[in-house]
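work07.cif, holding mmCIF, C-alpha atoms and all ligand atoms:
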data_upload
loop_
_atom_site.label_atom_id
_atom_site.label_comp_id
_atom_site.auth_asym_id
_atom_site.auth_seq_id
_atom_site.Cartn_x
_atom_site.Cartn_y
_atom_site.Cartn_z
CA MET A 160 -4.72 -52.89 53.11
CA THR A 161 -4.46 -50.32 50.35
CA ILE A 162 -1.79 -48.07 48.86
CA ALA A 163 -2.55 -45.16 46.53
CA GLN A 164 -0.41 -44.29 43.51
CA ILE A 165 -0.33 -40.73 42.24
CA THR A 166 1.77 -39.74 39.25
CA ASP A 167 2.81 -36.90 36.96
CA LEU A 168 2.09 -34.11 39.40
CA HIS A 169 4.07 -31.56 37.32
CA VAL A 170 4.01 -28.98 40.11
CA THR A 171 5.55 -25.70 39.05
CA THR A 172 5.80 -22.05 40.12
CA ALA A 173 4.38 -18.62 39.27
CA ALA A 174 6.82 -18.52 36.36
CA ASP A 175 4.24 -20.71 34.59
CA PRO A 176 0.93 -19.47 36.06
CA LEU A 177 -1.45 -21.65 34.00
CA ASN A 178 0.32 -24.90 34.88
CA GLN A 179 0.93 -23.76 38.45
CA MET A 180 -2.75 -23.16 39.17
CA ARG A 181 -4.13 -26.10 37.24
CA ASN A 182 -1.67 -28.71 38.46
CA GLU A 183 -1.82 -27.59 42.08
CA HIS A 184 -5.61 -27.52 42.07
CA ARG A 185 -5.80 -30.98 40.57
CA LEU A 186 -3.19 -32.41 42.93
CA ARG A 187 -5.09 -31.07 45.93
CA LEU A 188 -8.26 -32.67 44.57
CA VAL A 189 -6.49 -36.01 44.21
CA LEU A 190 -5.05 -35.80 47.73
CA ARG A 191 -8.47 -34.99 49.16
CA SER A 192 -10.08 -37.90 47.34
CA ILE A 193 -7.42 -40.28 48.63
CA HIS A 194 -7.86 -39.04 52.21
CA GLU A 195 -11.61 -39.63 51.94
CA LEU A 196 -11.20 -43.28 50.87
CA LYS A 197 -12.52 -45.91 53.25
CA PRO A 198 -10.37 -47.38 54.61
CA ARG A 199 -7.69 -44.76 54.30
CA PRO A 200 -4.62 -46.02 52.38
CA VAL A 201 -1.55 -46.73 54.51
CA ALA A 202 0.75 -45.01 52.02
CA ILE A 203 0.93 -43.00 48.82
CA ILE A 204 3.57 -43.59 46.16
CA ALA A 205 4.23 -40.64 43.84
CA SER A 206 5.70 -42.22 40.71
CA GLY A 207 7.62 -39.40 39.08
CA ASP A 208 7.31 -36.15 37.18
CA LEU A 209 6.80 -34.71 40.63
CA VAL A 210 7.57 -31.24 39.26
CA ASP A 211 7.64 -29.81 35.75
CA ASN A 212 11.23 -28.63 35.30
CA GLY A 213 13.28 -30.21 38.08
CA LEU A 214 13.87 -26.84 39.79
CA PRO A 215 14.50 -26.27 43.52
CA ASP A 216 11.65 -23.73 43.69
CA GLU A 217 9.28 -26.29 42.24
CA TYR A 218 10.30 -28.92 44.80
CA ALA A 219 9.71 -26.33 47.53
CA ALA A 220 6.21 -25.73 46.13
CA LEU A 221 5.62 -29.47 46.03
CA GLN A 222 6.70 -29.85 49.66
CA ASP A 223 4.27 -27.15 50.62
CA ILE A 224 1.31 -28.78 48.83
CA LEU A 225 2.10 -32.27 50.11
CA SER A 226 2.57 -31.07 53.69
CA VAL A 227 -1.21 -31.38 54.17
CA SER A 228 -1.08 -35.14 53.66
CA GLU A 229 -1.79 -37.25 56.74
CA ILE A 230 -0.69 -40.32 54.78
CA PRO A 231 3.06 -40.99 54.35
CA ILE A 232 4.19 -40.32 50.79
CA TYR A 233 6.96 -42.28 49.04
CA TYR A 234 8.70 -40.95 45.93
CA ALA A 235 10.07 -42.05 42.58
CA VAL A 236 11.60 -39.79 39.93
CA GLY A 237 10.47 -39.26 36.33
CA ASN A 238 11.93 -37.61 33.27
CA HIS A 239 10.86 -34.11 34.36
CA ASP A 240 12.68 -34.52 37.71
CA ARG A 241 16.32 -33.80 38.48
CA ARG A 242 17.90 -35.96 41.14
CA ALA A 243 20.09 -33.36 42.85
CA ALA A 244 17.28 -30.85 43.34
CA PHE A 245 14.81 -33.59 44.29
CA LEU A 246 17.13 -35.21 46.82
CA ALA A 247 18.07 -31.86 48.36
CA ALA A 248 14.41 -31.44 49.30
CA PHE A 249 13.12 -34.99 49.75
CA GLU A 250 15.94 -37.45 50.53
CA GLY A 251 15.02 -39.55 53.55
CA PRO A 252 13.36 -42.83 54.49
CA ARG A 253 10.75 -42.39 51.73
CA ALA A 254 13.17 -41.32 48.99
CA ARG A 255 16.37 -43.33 49.24
CA ARG A 256 19.39 -43.64 46.97
CA ASP A 257 21.06 -46.92 46.05
CA ALA A 258 24.85 -47.40 45.96
CA ASN A 259 24.96 -45.96 42.42
CA GLY A 260 23.04 -42.80 43.33
CA PHE A 261 19.75 -43.82 41.74
CA VAL A 262 16.52 -43.10 43.60
CA GLN A 263 15.49 -46.69 44.19
CA TYR A 264 14.66 -48.70 47.27
CA ALA A 265 12.31 -51.31 48.72
CA VAL A 266 9.61 -50.92 51.39
CA ASP A 267 7.87 -53.70 53.29
CA PHE A 268 4.22 -53.12 54.11
CA ASP A 269 1.95 -55.61 55.86
CA GLY A 270 1.41 -58.24 53.16
CA LEU A 271 2.98 -56.30 50.30
CA ARG A 272 6.50 -55.34 49.28
CA MET A 273 7.04 -52.25 47.12
CA VAL A 274 10.19 -51.91 45.02
CA VAL A 275 10.71 -48.40 43.63
CA CYS A 276 12.92 -48.10 40.51
CA ASP A 277 14.66 -45.13 38.93
CA THR A 278 14.17 -44.83 35.14
CA LEU A 279 15.40 -41.24 34.82
CA ALA A 280 18.02 -40.32 32.19
CA GLU A 281 18.54 -36.62 32.89
CA GLY A 282 18.00 -34.50 29.79
CA ARG A 283 16.04 -37.19 27.96
CA ASP A 284 12.34 -38.01 27.93
CA GLN A 285 12.83 -41.71 27.26
CA SER A 286 13.61 -44.28 29.95
CA GLY A 287 17.17 -44.58 31.22
CA PHE A 288 16.61 -48.04 32.73
CA ASP A 289 19.75 -50.02 31.92
CA GLN A 290 21.65 -53.15 32.90
CA VAL A 291 22.98 -51.56 36.10
CA ARG A 292 19.45 -50.81 37.24
CA ALA A 293 18.21 -54.18 36.00
CA ASP A 294 20.85 -55.90 38.13
CA TRP A 295 19.79 -53.86 41.15
CA LEU A 296 16.15 -54.77 40.58
CA ALA A 297 16.94 -58.48 40.23
CA ALA A 298 19.04 -58.49 43.41
CA THR A 299 16.39 -56.54 45.32
CA LEU A 300 13.60 -58.86 44.20
CA ASP A 301 15.71 -61.87 45.15
CA GLU A 302 15.94 -60.62 48.75
CA GLN A 303 12.32 -61.73 49.24
CA PRO A 304 11.28 -64.12 46.46
CA ASP A 305 8.07 -65.15 48.21
CA ALA A 306 6.72 -61.72 49.18
CA PRO A 307 3.89 -60.39 46.99
CA THR A 308 5.52 -57.37 45.37
CA ILE A 309 4.64 -54.35 43.28
CA VAL A 310 7.32 -52.65 41.21
CA ILE A 311 7.07 -48.89 40.71
CA MET A 312 8.74 -47.19 37.74
CA HIS A 313 7.93 -43.96 35.94
CA HIS A 314 8.28 -45.18 32.34
CA PRO A 315 5.96 -48.01 31.27
CA PRO A 316 7.69 -50.85 29.38
CA ILE A 317 4.63 -51.44 27.17
CA LEU A 318 3.06 -49.47 24.33
CA SER A 319 0.04 -47.25 24.87
CA GLY A 320 -0.49 -46.68 21.15
CA VAL A 321 -0.15 -42.92 21.67
CA ARG A 322 3.01 -42.99 19.59
CA TRP A 323 4.53 -39.67 20.60
CA MET A 324 4.61 -40.88 24.22
CA ASP A 325 5.71 -44.46 23.61
CA PRO A 326 9.14 -46.12 23.76
CA GLU A 327 10.52 -47.86 20.70
CA PRO A 328 8.98 -51.35 20.82
CA ASP A 329 12.45 -52.94 20.62
CA ALA A 330 14.14 -50.56 23.09
CA PRO A 331 16.91 -52.53 24.86
CA TRP A 332 15.74 -51.49 28.34
CA ILE A 333 12.42 -53.26 27.83
CA GLY A 334 14.21 -56.53 27.12
CA GLN A 335 16.46 -56.02 30.15
CA LEU A 336 13.44 -55.46 32.35
CA ALA A 337 11.61 -58.45 30.87
CA GLU A 338 14.63 -60.63 31.71
CA VAL A 339 14.38 -59.55 35.35
CA LEU A 340 10.64 -60.10 35.59
CA ARG A 341 10.65 -63.50 33.86
CA GLY A 342 10.21 -66.19 36.49
CA ARG A 343 10.10 -63.77 39.41
CA ASP A 344 6.47 -64.46 40.04
CA GLN A 345 6.30 -62.57 43.31
CA VAL A 346 5.89 -59.45 41.14
CA ARG A 347 2.14 -58.99 40.94
CA THR A 348 2.08 -55.69 39.05
CA VAL A 349 4.45 -53.13 37.58
CA LEU A 350 2.92 -49.71 38.26
CA CYS A 351 3.96 -46.81 36.04
CA GLY A 352 3.05 -43.26 35.03
CA HIS A 353 4.53 -41.06 32.31
CA VAL A 354 1.81 -41.42 29.66
CA HIS A 355 -0.83 -39.48 31.64
CA ARG A 356 -3.44 -42.13 30.87
CA PRO A 357 -4.44 -45.44 32.48
CA PHE A 358 -3.78 -48.54 30.37
CA HIS A 359 -2.74 -52.12 31.04
CA GLY A 360 -0.72 -54.78 29.26
CA LEU A 361 1.68 -57.67 29.83
CA LEU A 362 5.47 -57.87 29.90
CA ALA A 363 7.07 -61.28 30.39
CA GLY A 364 3.72 -62.50 31.71
CA HIS A 365 3.48 -59.73 34.31
CA LEU A 366 0.76 -57.12 34.47
CA VAL A 367 1.92 -53.58 33.73
CA ALA A 368 -0.53 -50.84 34.74
CA THR A 369 -0.22 -47.09 34.35
CA ALA A 370 -2.04 -44.48 36.38
CA PRO A 371 -3.82 -41.35 35.15
CA ALA A 372 -1.97 -38.13 35.91
CA SER A 373 -2.92 -35.90 38.79
CA SER A 374 -2.18 -33.02 36.39
CA ILE A 375 -3.38 -33.03 32.77
CA GLN A 376 -4.26 -36.13 30.71
CA VAL A 377 -2.89 -37.12 27.31
CA THR A 378 -5.49 -37.18 24.53
CA LEU A 379 -6.43 -40.68 23.42
CA ASN A 380 -5.47 -40.55 19.74
CA LEU A 381 -3.92 -43.73 18.39
CA SER A 382 -3.49 -42.58 14.80
CA PRO A 383 0.03 -42.38 13.30
CA VAL A 384 1.99 -39.23 14.01
CA ASP A 385 4.99 -37.70 12.23
CA MET A 386 7.38 -36.82 15.08
CA ASP A 387 8.95 -34.06 12.95
CA ARG A 388 5.82 -32.44 11.47
CA PRO A 389 3.28 -30.94 13.92
CA ASP A 390 -0.22 -31.43 12.46
CA GLY A 391 -2.19 -29.36 14.95
CA ARG A 392 -3.77 -32.34 16.66
CA GLU A 393 -4.92 -32.08 20.28
CA ILE A 394 -2.33 -33.80 22.48
CA LEU A 395 -3.43 -32.89 26.03
CA VAL A 396 -6.97 -32.77 27.40
CA ALA A 397 -8.54 -31.57 30.63
CA GLU A 398 -10.10 -34.91 31.55
CA PRO A 399 -10.47 -35.22 35.35
CA PRO A 400 -7.40 -35.96 37.46
CA GLY A 401 -7.01 -39.48 38.77
CA TYR A 402 -4.94 -41.99 40.70
CA VAL A 403 -4.63 -45.74 41.27
CA LEU A 404 -5.53 -47.65 44.40
CA VAL A 405 -3.70 -50.93 45.03
CA MET A 406 -5.63 -53.37 47.22
CA VAL A 407 -4.07 -56.35 48.98
CA ASP A 408 -6.44 -58.91 50.44
CA ALA A 409 -5.76 -62.58 51.19
CA GLY A 410 -2.82 -62.63 48.78
CA HIS A 411 -4.77 -60.93 45.98
CA VAL A 412 -3.23 -57.75 44.63
CA THR A 413 -5.72 -55.65 42.65
CA THR A 414 -5.49 -52.19 41.11
CA HIS A 415 -8.39 -49.74 40.87
CA VAL A 416 -8.18 -46.79 38.49
CA CYS A 417 -9.90 -43.86 40.23
CA VAL A 418 -11.22 -40.48 39.13
CA ALA A 419 -10.83 -37.61 41.61
CA GLY A 420 -13.65 -35.10 42.00
CA ASP A 421 -16.89 -34.28 43.73
CA PHE A 422 -19.62 -36.63 42.58
CA GLU A 423 -23.26 -36.85 43.65
CA PRO A 424 -24.12 -40.02 45.61
CA ALA A 425 -26.51 -42.14 43.53
CA VAL A 426 -27.93 -44.93 45.73
CA ALA A 427 -27.55 -45.77 49.44
CA TYR A 428 -27.37 -49.23 51.02
CA THR A 429 -30.75 -49.60 52.70
CA GLN A 430 -31.73 -53.17 51.73
CA PRO A 431 -29.71 -56.28 52.68
CA PHE A 432 -27.40 -57.53 49.96
CA GLY A 433 -27.89 -61.13 51.17
CA SER A 434 -25.10 -63.67 51.46
CA ASP A 435 -25.29 -65.78 48.28
FE FE A 501 4.50 -36.46 33.02
#
Could you write out this structure as structure tokens?
Ligand SMILES: [Fe+2]
Amino acid sequence: MTIAQITDLHVTTAADPLNQMRNEHRLRLVLRSIHELKPRPVAIIASGDLVDNGLPDEYAALQDILSVSEIPIYYAVGNHDRRAAFLAAFEGPRARRDANGFVQYAVDFDGLRMVVCDTLAEGRDQSGFDQVRADWLAATLDEQPDAPTIVIMHHPPILSGVRWMDPEPDAPWIGQLAEVLRGRDQVRTVLCGHVHRPFHGLLAGHLVATAPASSIQVTLNLSPVDMDRPDGREILVAEPPGYVLVMVDAGHVTTHVCVAGDFEPAVAYTQPFGSD
């Protein structure tokens, strides 16, 4: 059984023609690649920054693009989203609110539970995960302590080294999340987006993995940066769009980082692999 994760779609409108064309084209490429996977994933989770400016017109454009999907799509929000406009277009079984109005919920697939968290603080780029959301996550995980689980959240709680995208290393929300994860070993992976690059690290002994963006990627430059003095460095790069594929097999939960595009086949299976 597999589930695909797409992230940072940044769909927009003709008001921003460059981003509109590029991000839509890349998202369609990602969707096509996912639909061509064998076997086809049972679900797609879109982990935030669904649109670029949180505008109703952008969510309408997103609905239009995603309407071609034959795979059910679940949603989380990111810092570029706005809950009211998002929920007006997408609220339903695959985008649910908790009692506090956050877009967070759990889904049970065959052999895998997915817990979707809301890290949005409207008007800020940094994570808004807080004790209220930590308490919700702990209670939700405790509903099924033995079910292999993936946690979805837009903001990664680990450092990428691309400093202008990273949280403060001692940000309180990271400690609050670590407290929840510690000892809750049913959590196999925390899957994130936000940084527009794939990278992996540990928090409280749990694997945290981010997915490449379906839109544009962030340039891999780990040198120090002065947040108040632009130095002309490249910060975004047109590397290919990508996604993550989560595989569940015999209790193993594995993540593949995938590049979307049209690639020439190299070698076909014409000789037996053998069994040893
Ligand atoms: Fe983003």
Next on the checklist: One number please: atom CA of Met324 of chain A to atom CA of Met386 of chain A, in Å, one decimal.
Outcome noted: 10.4 Å
Item to check | Length of the atom CA of Val346 of chain A to atom CA of Gly401 of chain A vector [Å] | outcome: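 Between atom CA of Val346 of chain A and atom CA of Gly401 of chain A the gap works out to 23.9 Å.
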Which residues of segment 333-424 of chain A sit at most 9 Å from segment 288-298 of chain A, using only C-alpha atoms? Give each one's shortest atom pair and distance in Å (one decimal place), in chain and ascending residue order, as a Markdown table.
| residue | atom | partner | partner_atom | distance |
| --- | --- | --- | --- | --- |
| A:Ile333 | CA | A:Phe288 | CA | 8.3 |
| A:Gln335 | CA | A:Ala293 | CA | 6.4 |
| A:Leu336 | CA | A:Ala293 | CA | 6.1 |
| A:Glu338 | CA | A:Ala293 | CA | 8.5 |
| A:Val339 | CA | A:Ala297 | CA | 5.6 |
| A:Leu340 | CA | A:Ala297 | CA | 8.0 |
| A:Arg343 | CA | A:Ala297 | CA | 8.7 |
Given a cut-off of 6 Å, what residues near ligand FE 501 (chain A) show up using all atoms listed in the file, put as a compact mmCIF listing (two decimals) with C-alpha atoms, keeping the file's coordinate frame?
# COMPACT_ATOMS: atom_id res chain seq x y z
CA ASP A 167 2.81 -36.90 36.96
CA ASP A 208 7.31 -36.15 37.18
CA HIS A 353 4.53 -41.06 32.31
Item to check | Long-range neighbours of segment 367-371 of chain A as JSON, numbers by chain, 7 Å cut-off, all atoms listed in the file, 6 positions minimum in chain | outcome: {"A": [166, 315, 348, 349, 350, 351, 352, 355, 356, 357, 358, 359, 360, 361, 400, 401, 402, 403, 416]}
